[in-house]
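One structure is given below, encoded as structure tokens.
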Amino acid sequence: MKPAFFILIISILLVSCYDPYTASVESDEKILIVDGMITNEKASYKVSLNYAMPFYSYDLRQPVHSAKVRVSDDLGNSFNFVDNGNGDYLSDSLNFTGQPGRTYTLQIETIEGETFESGSQKLLKEYHPDTVYAEADYQETISRFNEIIVTVRGANIMADITNETDSLPRFRFTSDLVEQYFYALNIPPPAFDPPLYSFYCWETDDISQDVNLTGNEYSLSKSSVNRHEIYFIDDNIYVEGKVYELGSLEHDLSYSGIATAYRKIYNVSHRILYLNQYSLNAETCSYYMSMDEQLRSEGKLFDPIAVQLTGNIICTSDPEKKVYGFFEASGVSRTSYIIGFRNQRNNEYLITRIPYRQLPYSDGCWINKVPPFWVD
């Protein structure tokens, strides 16, 4: 066979194997998007309702107002959620707390009379990590200064989870790394010697961009999770933190901090890892596994095709009507740890569990007042 003819045949075969996919865009169809979760925590739970916007729209979403939203359990109890504006519906934390072992269903009725319902969700009990520890390691990352790939020294934060029964559920982890920094300034008022002001500042690095699931390192027939990777933390002892100025004077003579447009390099006083561990039932785990597969897609030939995730919400008034989203019921435990810096002598990192204290906001600064979550 001549080379030119061979190349022609191969080209025809390659073209004949290509079947382009064209997604139809139904620009005028109102499609409801549901996002809601309840846990075992005594808290106000949130269900968000929005309509998908047309392809040509400049708005990101259209909130759904004046809907009737409630969650029912398998004992016949029903709990109403109140419209808080902006498409968010909130439960009453005094009247409703999710109970492990119970099964919950979300029901929605819009002002147009359309009704929607989720699949039933069993709320599993919460589990806590038995041990959280660090192992020294290196990782490649993109430098924020010149955008080239560099190798940095640091540690993998790992977790072990054990149980007295024969099996464990799957888990999903979300995490935040809080870096505390402190500085003091003499700020002169009119006609007085300048007093010293103490700035207790913090910044939060959201490290939960990927779906972090257990599953690969153990099977459901085992009763432990070992060496599950939570986060890689580098050895950087500095933070490029926001610069704050004096805000309003509070009743206790402290000041609120107002962030300026400037940043400076400060020494990190402490690093705190906030760890949230969710116990997933089988349906919720399958949903997050599908999400994880798509997020990890790298554009290669055999990557999973990017499609709309299959949720657990249906339109009961019109079964043919499209609706997207997921209603989740998961037990959650929340723990926090001080992540020490590497010991130069033994190359180890000290990790100390501390009481979990919620941040008032992700980034901020209190002046002349120590925040309740501050580590001395």
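By order in the structure tokens, chains are A, B, ...; within a chain, residues start at 1; ligands start at 1, following the order shown.
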> Leaving out A:Gln62 and any residue of its chain fewer than 4 positions from it, which residues lie within 12 Å of it when counting only C-alpha atoms, given as a PyMOL selection string?
Replying inline: chain A and resi 30-33+48-54+57-58+85-88
N, CA and C atoms of the current selection, written as an mmCIF file, in the first residue's frame:
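Here's the written file again00.cif:
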```
data_model
loop_
_atom_site.group_PDB
_atom_site.id
_atom_site.type_symbol
_atom_site.label_atom_id
_atom_site.label_comp_id
_atom_site.auth_asym_id
_atom_site.auth_seq_id
_atom_site.Cartn_x
_atom_site.Cartn_y
_atom_site.Cartn_z
ATOM 1 N N LYS A 30 -37.579 28.077 32.554
ATOM 2 C CA LYS A 30 -37.247 28.345 33.951
ATOM 3 C C LYS A 30 -36.933 27.011 34.628
ATOM 4 N N ILE A 31 -35.677 26.857 35.029
ATOM 5 C CA ILE A 31 -35.238 25.611 35.654
ATOM 6 C C ILE A 31 -34.848 25.907 37.090
ATOM 7 N N LEU A 32 -35.496 25.245 38.022
ATOM 8 C CA LEU A 32 -35.219 25.445 39.434
ATOM 9 C C LEU A 32 -33.925 24.754 39.834
ATOM 10 N N ILE A 33 -33.105 25.449 40.626
ATOM 11 C CA ILE A 33 -31.875 24.889 41.174
ATOM 12 C C ILE A 33 -32.009 24.893 42.697
ATOM 13 N N SER A 48 -31.439 26.825 49.574
ATOM 14 C CA SER A 48 -31.362 27.906 48.584
ATOM 15 C C SER A 48 -32.123 27.502 47.331
ATOM 16 N N LEU A 49 -32.981 28.421 46.860
ATOM 17 C CA LEU A 49 -33.779 28.183 45.656
ATOM 18 C C LEU A 49 -33.510 29.303 44.660
ATOM 19 N N ASN A 50 -33.098 28.926 43.464
ATOM 20 C CA ASN A 50 -32.831 29.896 42.411
ATOM 21 C C ASN A 50 -33.253 29.305 41.076
ATOM 22 N N TYR A 51 -33.589 30.193 40.135
ATOM 23 C CA TYR A 51 -33.856 29.762 38.771
ATOM 24 C C TYR A 51 -32.586 29.958 37.942
ATOM 25 N N ALA A 52 -32.296 28.985 37.101
ATOM 26 C CA ALA A 52 -31.169 29.117 36.181
ATOM 27 C C ALA A 52 -31.456 30.251 35.207
ATOM 28 N N MET A 53 -30.465 31.082 34.969
ATOM 29 C CA MET A 53 -30.657 32.237 34.093
ATOM 30 C C MET A 53 -30.402 31.854 32.637
ATOM 31 N N PRO A 54 -31.070 32.536 31.692
ATOM 32 C CA PRO A 54 -30.810 32.274 30.273
ATOM 33 C C PRO A 54 -29.349 32.488 29.912
ATOM 34 N N SER A 57 -28.139 36.052 29.591
ATOM 35 C CA SER A 57 -28.399 36.969 30.697
ATOM 36 C C SER A 57 -27.096 37.394 31.368
ATOM 37 N N TYR A 58 -27.079 38.632 31.883
ATOM 38 C CA TYR A 58 -25.931 39.120 32.631
ATOM 39 C C TYR A 58 -26.015 38.754 34.111
ATOM 40 N N GLY A 85 -35.077 36.062 52.137
ATOM 41 C CA GLY A 85 -34.653 36.931 51.043
ATOM 42 C C GLY A 85 -33.491 36.338 50.279
ATOM 43 N N ASN A 86 -33.283 36.797 49.055
ATOM 44 C CA ASN A 86 -32.157 36.378 48.217
ATOM 45 C C ASN A 86 -32.195 34.882 47.899
ATOM 46 N N GLY A 87 -33.371 34.276 47.967
ATOM 47 C CA GLY A 87 -33.508 32.871 47.617
ATOM 48 C C GLY A 87 -33.161 31.901 48.714
ATOM 49 N N ASP A 88 -32.864 32.385 49.909
ATOM 50 C CA ASP A 88 -32.490 31.517 51.030
ATOM 51 C C ASP A 88 -33.674 31.326 51.978
#
```
>> With DSSP run on the backbone, what are the alpha helix (DSSP H) residues within stretch 126-334 of chain A? I'd like them as a count of residues only.
In response: 14
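All residues of protein, DNA or RNA that reach within 9 Å of stretch 189-199 of chain A, judged by only C-alpha atoms and not counting those fewer than 3 positions away in the chain, are Tyr181, Phe182, Tyr183, Ala184, Leu185, Asn186, Tyr244, Gly257, Cys365, Trp366, Ile367, Asn368, Lys369 and Val370 of chain A.
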> Got a sec: who's within 9 Å of A:Thr284, counting only C-alpha atoms, leaving out chain neighbours fewer than 6 positions off, as an MDAnalysis selection string?
Replying inline: chainID A and resid 121 326:330
> Taking the backbone alone, and naming residues the way the document does, which bits of stretch 117-219 of chain A are strand (DSSP E) by DSSP, as a PyMOL selection string?
Replying inline: chain A and resi 117-118+121-122+131-142+149-162+170-186+196-206+212-213
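For the set A:Ala134, A:Leu124, A:Val323, A:Leu75, the residue with the smallest atom-to-atom gap to A:Asn343 is A:Ala134, counting only C-alpha atoms.
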>> Residues within 12 Å of A:Arg227, please, as number ranges by chain. Count only C-alpha atoms; anything in the same chain fewer than 4 positions from it doesn't count.
In response: A: 129-135, 156-162, 214-218, 231
Could you name the residues that touch A:Gln139 at 8 Å or less, counting only C-alpha atoms, but leaving out those on the same chain fewer than 4 positions away, as a compact mmCIF listing (two decimals) with N, CA and C atoms, in the first residue's frame?
```txt
# COMPACT_ATOMS: atom_id res chain seq x y z
N THR A 151 9.05 23.75 43.67
CA THR A 151 8.89 22.71 44.67
C THR A 151 9.04 23.33 46.05
N VAL A 152 8.05 23.10 46.91
CA VAL A 152 8.06 23.70 48.24
C VAL A 152 8.10 22.59 49.29
N ARG A 153 8.74 22.92 50.42
CA ARG A 153 8.79 21.99 51.54
C ARG A 153 7.56 22.24 52.44
N GLY A 154 7.06 21.15 53.01
CA GLY A 154 5.93 21.29 53.90
C GLY A 154 5.54 19.96 54.51
N PHE A 232 -2.11 19.78 52.27
CA PHE A 232 -0.66 20.00 52.28
C PHE A 232 -0.41 21.43 52.71
```
> What is the distance, in Å and to one decimal place, between atom CA of A:Gly331 and atom CA of A:Thr110?
Replying inline: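 Distance reported for this atom pair: 28.7 Å.
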> If you count only C-alpha atoms, which residues fall within 12 Å of A:Tyr356, apart from same-chain ones fewer than 6 positions away, as number ranges by chain?
Replying inline: A: 272-276, 333-338, 372-375
> With only C-alpha atoms as the basis for distance, which of A:Glu250, A:Leu309, A:Asp205, A:Gly98 is at the shortest distance from A:Lys42?
Replying inline: A:Gly98
> At what distance in Å, to one decimal, does atom CA of A:Val268 lie from atom CA of A:Asp234?
Replying inline: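 Between atom CA of A:Asp234 and atom CA of A:Val268 the gap is 12.5 Å.
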